[in-house]
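One file, structure13.pdb, is given below (PDB, C-alpha atoms).
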```
ATOM      1  CA  MET A   1     168.206  95.979 134.751  1.00  0.00           C
ATOM      2  CA  ASN A   2     169.082  93.217 132.354  1.00  0.00           C
ATOM      3  CA  GLN A   3     171.127  93.702 129.210  1.00  0.00           C
ATOM      4  CA  PHE A   4     173.109  91.462 126.887  1.00  0.00           C
ATOM      5  CA  SER A   5     176.275  93.562 127.208  1.00  0.00           C
ATOM      6  CA  ALA A   6     177.374  97.137 127.856  1.00  0.00           C
ATOM      7  CA  GLU A   7     176.613  97.923 124.199  1.00  0.00           C
ATOM      8  CA  PHE A   8     172.896  96.996 124.390  1.00  0.00           C
ATOM      9  CA  VAL A   9     171.685  99.295 127.190  1.00  0.00           C
ATOM     10  CA  PRO A  10     168.097 100.541 127.676  1.00  0.00           C
ATOM     11  CA  THR A  11     169.151 104.152 126.998  1.00  0.00           C
ATOM     12  CA  ASN A  12     169.556 103.141 123.331  1.00  0.00           C
ATOM     13  CA  ILE A  13     165.774 102.982 122.810  1.00  0.00           C
ATOM     14  CA  PHE A  14     164.866 106.672 122.833  1.00  0.00           C
ATOM     15  CA  SER A  15     165.329 107.415 119.131  1.00  0.00           C
ATOM     16  CA  ASN A  16     163.332 105.544 116.531  1.00  0.00           C
ATOM     17  CA  THR A  17     166.185 105.151 114.071  1.00  0.00           C
ATOM     18  CA  CYS A  18     167.327 102.179 112.050  1.00  0.00           C
ATOM     19  CA  GLU A  19     170.834 103.567 111.626  1.00  0.00           C
ATOM     20  CA  GLY A  20     172.231 100.934 114.017  1.00  0.00           C
ATOM     21  CA  GLU A  21     171.233  98.080 111.720  1.00  0.00           C
ATOM     22  CA  THR A  22     174.726  97.301 110.463  1.00  0.00           C
ATOM     23  CA  THR A  23     177.100  95.526 112.782  1.00  0.00           C
ATOM     24  CA  THR A  24     179.613  98.381 112.447  1.00  0.00           C
ATOM     25  CA  ALA A  25     177.158 101.156 113.417  1.00  0.00           C
ATOM     26  CA  PRO A  26     176.406 102.230 117.003  1.00  0.00           C
ATOM     27  CA  VAL A  27     173.637 100.150 118.586  1.00  0.00           C
ATOM     28  CA  THR A  28     170.197 101.842 118.635  1.00  0.00           C
ATOM     29  CA  TYR A  29     168.242  99.233 120.605  1.00  0.00           C
ATOM     30  CA  TRP A  30     168.289  97.192 123.829  1.00  0.00           C
ATOM     31  CA  VAL A  31     168.428  93.382 124.174  1.00  0.00           C
ATOM     32  CA  THR A  32     168.460  91.120 127.221  1.00  0.00           C
ATOM     33  CA  THR A  33     170.714  88.253 128.087  1.00  0.00           C
ATOM     34  CA  ASP A  34     169.729  84.937 126.505  1.00  0.00           C
ATOM     35  CA  SER A  35     166.756  82.905 127.742  1.00  0.00           C
ATOM     36  CA  HIS A  36     165.439  85.147 130.539  1.00  0.00           C
ATOM     37  CA  THR A  37     161.847  86.186 131.208  1.00  0.00           C
ATOM     38  CA  GLY A  38     160.678  88.544 133.932  1.00  0.00           C
ATOM     39  CA  VAL A  39     163.592  90.868 133.155  1.00  0.00           C
ATOM     40  CA  GLY A  40     163.628  94.456 132.011  1.00  0.00           C
ATOM     41  CA  PHE A  41     164.583  97.904 133.197  1.00  0.00           C
ATOM     42  CA  VAL A  42     163.344 100.784 135.344  1.00  0.00           C
ATOM     43  CA  MET A  43     163.275 104.295 133.920  1.00  0.00           C
ATOM     44  CA  ASP A  44     163.383 107.283 136.301  1.00  0.00           C
ATOM     45  CA  LEU A  45     161.672 110.290 134.704  1.00  0.00           C
ATOM     46  CA  GLY A  46     163.257 112.567 137.341  1.00  0.00           C
ATOM     47  CA  ASP A  47     159.887 113.869 138.524  1.00  0.00           C
ATOM     48  CA  GLN A  48     156.248 112.868 138.319  1.00  0.00           C
ATOM     49  CA  PHE A  49     154.744 113.335 134.844  1.00  0.00           C
ATOM     50  CA  CYS A  50     151.254 112.651 133.519  1.00  0.00           C
ATOM     51  CA  ILE A  51     151.473 110.451 130.432  1.00  0.00           C
ATOM     52  CA  ARG A  52     148.745 110.010 127.826  1.00  0.00           C
ATOM     53  CA  LYS A  53     150.475 107.770 125.287  1.00  0.00           C
ATOM     54  CA  VAL A  54     153.178 105.095 125.207  1.00  0.00           C
ATOM     55  CA  SER A  55     154.730 104.222 121.838  1.00  0.00           C
ATOM     56  CA  LEU A  56     157.118 101.313 121.352  1.00  0.00           C
ATOM     57  CA  LYS A  57     158.728  99.172 118.687  1.00  0.00           C
ATOM     58  CA  ASN A  58     160.007  95.610 118.959  1.00  0.00           C
ATOM     59  CA  THR A  59     163.554  94.640 118.016  1.00  0.00           C
ATOM     60  CA  HIS A  60     165.030  91.840 115.945  1.00  0.00           C
ATOM     61  CA  ASN A  61     168.680  92.390 116.979  1.00  0.00           C
ATOM     62  CA  ARG A  62     169.728  93.972 113.663  1.00  0.00           C
ATOM     63  CA  GLY A  63     171.372  91.554 111.192  1.00  0.00           C
ATOM     64  CA  HIS A  64     171.306  88.694 113.677  1.00  0.00           C
ATOM     65  CA  ARG A  65     167.482  88.588 113.709  1.00  0.00           C
ATOM     66  CA  ASP A  66     167.608  86.159 116.615  1.00  0.00           C
ATOM     67  CA  ARG A  67     165.381  87.703 119.312  1.00  0.00           C
ATOM     68  CA  GLY A  68     162.499  89.987 120.184  1.00  0.00           C
ATOM     69  CA  THR A  69     159.841  90.623 122.806  1.00  0.00           C
ATOM     70  CA  LYS A  70     156.717  88.465 122.452  1.00  0.00           C
ATOM     71  CA  ASN A  71     154.779  89.608 125.533  1.00  0.00           C
ATOM     72  CA  PHE A  72     155.505  92.531 127.863  1.00  0.00           C
ATOM     73  CA  SER A  73     154.093  94.579 130.702  1.00  0.00           C
ATOM     74  CA  ILE A  74     154.730  98.178 131.700  1.00  0.00           C
ATOM     75  CA  GLN A  75     154.314  99.030 135.352  1.00  0.00           C
ATOM     76  CA  VAL A  76     154.525 102.454 136.984  1.00  0.00           C
ATOM     77  CA  SER A  77     155.124 103.924 140.433  1.00  0.00           C
ATOM     78  CA  ASN A  78     155.962 107.171 142.180  1.00  0.00           C
ATOM     79  CA  ASP A  79     158.510 105.378 144.367  1.00  0.00           C
ATOM     80  CA  GLU A  80     161.423 103.421 142.885  1.00  0.00           C
ATOM     81  CA  GLY A  81     160.878 100.678 145.466  1.00  0.00           C
ATOM     82  CA  GLY A  82     157.201 100.353 144.514  1.00  0.00           C
ATOM     83  CA  PRO A  83     154.552  99.335 144.698  1.00  0.00           C
ATOM     84  CA  TYR A  84     154.265  99.226 140.906  1.00  0.00           C
ATOM     85  CA  ASN A  85     150.874  99.183 139.179  1.00  0.00           C
ATOM     86  CA  ASP A  86     150.161  97.825 135.716  1.00  0.00           C
ATOM     87  CA  LEU A  87     149.906 100.525 133.074  1.00  0.00           C
ATOM     88  CA  ILE A  88     149.980  98.056 130.164  1.00  0.00           C
ATOM     89  CA  ALA A  89     149.681  94.382 131.085  1.00  0.00           C
ATOM     90  CA  ASN A  90     150.479  91.248 129.073  1.00  0.00           C
ATOM     91  CA  GLN A  91     150.545  92.821 125.608  1.00  0.00           C
ATOM     92  CA  GLU A  92     151.695  90.802 122.606  1.00  0.00           C
ATOM     93  CA  LEU A  93     154.119  92.071 119.977  1.00  0.00           C
ATOM     94  CA  GLU A  94     154.706  90.619 116.515  1.00  0.00           C
ATOM     95  CA  ASP A  95     157.696  88.455 115.731  1.00  0.00           C
ATOM     96  CA  ALA A  96     159.943  91.002 114.020  1.00  0.00           C
ATOM     97  CA  ARG A  97     162.830  88.647 113.241  1.00  0.00           C
ATOM     98  CA  SER A  98     161.910  88.390 109.539  1.00  0.00           C
ATOM     99  CA  LEU A  99     161.161  92.115 109.098  1.00  0.00           C
ATOM    100  CA  GLU A 100     163.402  94.949 107.994  1.00  0.00           C
ATOM    101  CA  CYS A 101     163.861  97.509 110.747  1.00  0.00           C
ATOM    102  CA  GLU A 102     161.833 100.117 108.853  1.00  0.00           C
ATOM    103  CA  ASP A 103     158.929  97.630 108.575  1.00  0.00           C
ATOM    104  CA  ILE A 104     158.647  96.819 112.279  1.00  0.00           C
ATOM    105  CA  PRO A 105     155.497  98.658 113.403  1.00  0.00           C
ATOM    106  CA  VAL A 106     155.383 101.213 116.196  1.00  0.00           C
ATOM    107  CA  HIS A 107     152.620 100.286 118.662  1.00  0.00           C
ATOM    108  CA  GLU A 108     150.771 103.077 120.439  1.00  0.00           C
ATOM    109  CA  PHE A 109     148.886 102.671 123.707  1.00  0.00           C
ATOM    110  CA  GLU A 110     146.556 105.385 124.992  1.00  0.00           C
ATOM    111  CA  VAL A 111     146.957 105.753 128.760  1.00  0.00           C
ATOM    112  CA  CYS A 112     146.204 108.337 131.434  1.00  0.00           C
ATOM    113  CA  GLU A 113     148.527 108.031 134.394  1.00  0.00           C
ATOM    114  CA  CYS A 114     150.868 110.201 136.469  1.00  0.00           C
ATOM    115  CA  PHE A 115     154.106 108.585 137.669  1.00  0.00           C
ATOM    116  CA  ARG A 116     157.866 108.991 138.064  1.00  0.00           C
ATOM    117  CA  TYR A 117     159.154 105.437 137.536  1.00  0.00           C
ATOM    118  CA  LEU A 118     158.372 103.146 134.618  1.00  0.00           C
ATOM    119  CA  ARG A 119     159.299  99.457 134.687  1.00  0.00           C
ATOM    120  CA  PHE A 120     159.353  97.517 131.409  1.00  0.00           C
ATOM    121  CA  VAL A 121     159.154  93.722 131.912  1.00  0.00           C
ATOM    122  CA  ILE A 122     159.536  90.979 129.308  1.00  0.00           C
ATOM    123  CA  ASN A 123     157.103  88.137 129.997  1.00  0.00           C
ATOM    124  CA  GLU A 124     157.879  86.068 126.857  1.00  0.00           C
ATOM    125  CA  PHE A 125     160.331  86.386 123.986  1.00  0.00           C
ATOM    126  CA  TYR A 126     161.063  85.136 120.470  1.00  0.00           C
ATOM    127  CA  GLY A 127     164.302  83.316 119.687  1.00  0.00           C
ATOM    128  CA  PHE A 128     167.111  83.731 122.205  1.00  0.00           C
ATOM    129  CA  GLY A 129     165.726  86.606 124.300  1.00  0.00           C
ATOM    130  CA  GLY A 130     163.814  89.856 124.415  1.00  0.00           C
ATOM    131  CA  GLY A 131     164.566  93.461 123.690  1.00  0.00           C
ATOM    132  CA  LEU A 132     163.155  96.728 122.463  1.00  0.00           C
ATOM    133  CA  HIS A 133     164.022  99.058 119.604  1.00  0.00           C
ATOM    134  CA  TYR A 134     162.104 102.177 120.653  1.00  0.00           C
ATOM    135  CA  LEU A 135     160.121 103.615 123.569  1.00  0.00           C
ATOM    136  CA  HIS A 136     158.481 107.047 123.685  1.00  0.00           C
ATOM    137  CA  LEU A 137     156.204 108.684 126.276  1.00  0.00           C
ATOM    138  CA  GLU A 138     153.868 111.616 125.633  1.00  0.00           C
TER     139      GLU A 138
END
```

The structure given in the file should be rewritten as structure tokens.
Amino acid sequence: MNQFSAEFVPTNIFSNTCEGETTTAPVTYWVTTDSHTGVGFVMDLGDQFCIRKVSLKNTHNRGHRDRGTKNFSIQVSNDEGGPYNDLIANQELEDARSLECEDIPVHEFEVCECFRYLRFVINEFYGFGGGLHYLHLE
């Protein structure tokens, strides 16, 4: 797992809220350390689930507007140690640094896969590093 600091953890991305947009509000998104690709996080669903849709939203790092994910992959497995298979590979996201949080689009990907572990990987980023505002599985 890669994160900028203890405040910007991946568990922040499960509610699609823009309430964390002021620097005094609790953080509602995840960002990586500066200048790293190939980083991300692994999510343990606790059991195997069959997923039909993945929804996600890029970040811009609230008022700083200095980073975001440009290209990502989502890989899945039933074993934390792998092997991991591509669920969504090399997908591009818009540069959200100039957008208001409410205007950053939610991207939806139709999938059909059963798995326990999901690995989100940043392949390219905008600005200083990557991150994610929101992730939802159905």

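The shortest atom-to-atom distance to Ile13 of chain A, with all atoms listed in the file taken into account, belongs to A:Asn58 out of A:Glu113, A:Asp34, A:Asn58, A:Tyr126.
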
| request: To verify the selection step, state as a count of residues only which residues the PyMOL selection byres ((chain A and resi 104) around 10) yields on this input. | output: 18

Since I can't run it myself right now, could you work out what the PyMOL selection byres ((chain A and resi 136) around 12) selects here and report it as a CSV table (one decimal) with C-alpha atoms, keeping the file's coordinate frame?
```csv
chain,number,residue,atom,x,y,z
A,11,THR,CA,169.2,104.2,127.0
A,12,ASN,CA,169.6,103.1,123.3
A,13,ILE,CA,165.8,103.0,122.8
A,14,PHE,CA,164.9,106.7,122.8
A,15,SER,CA,165.3,107.4,119.1
A,16,ASN,CA,163.3,105.5,116.5
A,43,MET,CA,163.3,104.3,133.9
A,45,LEU,CA,161.7,110.3,134.7
A,51,ILE,CA,151.5,110.5,130.4
A,52,ARG,CA,148.7,110.0,127.8
A,53,LYS,CA,150.5,107.8,125.3
A,54,VAL,CA,153.2,105.1,125.2
A,55,SER,CA,154.7,104.2,121.8
A,56,LEU,CA,157.1,101.3,121.4
A,57,LYS,CA,158.7,99.2,118.7
A,106,VAL,CA,155.4,101.2,116.2
A,107,HIS,CA,152.6,100.3,118.7
A,108,GLU,CA,150.8,103.1,120.4
A,109,PHE,CA,148.9,102.7,123.7
A,118,LEU,CA,158.4,103.1,134.6
A,132,LEU,CA,163.2,96.7,122.5
A,133,HIS,CA,164.0,99.1,119.6
A,134,TYR,CA,162.1,102.2,120.7
A,135,LEU,CA,160.1,103.6,123.6
A,137,LEU,CA,156.2,108.7,126.3
A,138,GLU,CA,153.9,111.6,125.6
```

| Atom pair atom CA of Gly131 of chain A / atom CA of Thr17 of chain A: separation (Å) | 15.2 Å

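Between atom CA of Gly129 of chain A and atom CA of Gly63 of chain A lies a distance of 15.1 Å.
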
| Residue IDs satisfying the PyMOL selection byres ((chain A and resi 74) around 7), as a ChimeraX atom specification | /A:72-73,75-76,86-89,118-121

| Residues at most 10 Å from Glu92 of chain A, counting only C-alpha atoms, excluding those fewer than 5 positions away in the same chain, as a VMD selection string? | chain A and resid 69 to 73 123 to 125

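Our summary of the geometry notes that atom CA of Phe41 of chain A is positioned 13.3 Å from atom CA of Ser77 of chain A.
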
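Using all atoms listed in the file for every distance, the candidate list A:Cys50, A:Asn78, A:Phe128, A:His64 yields A:Cys50 as the residue closest to Val111 of chain A.
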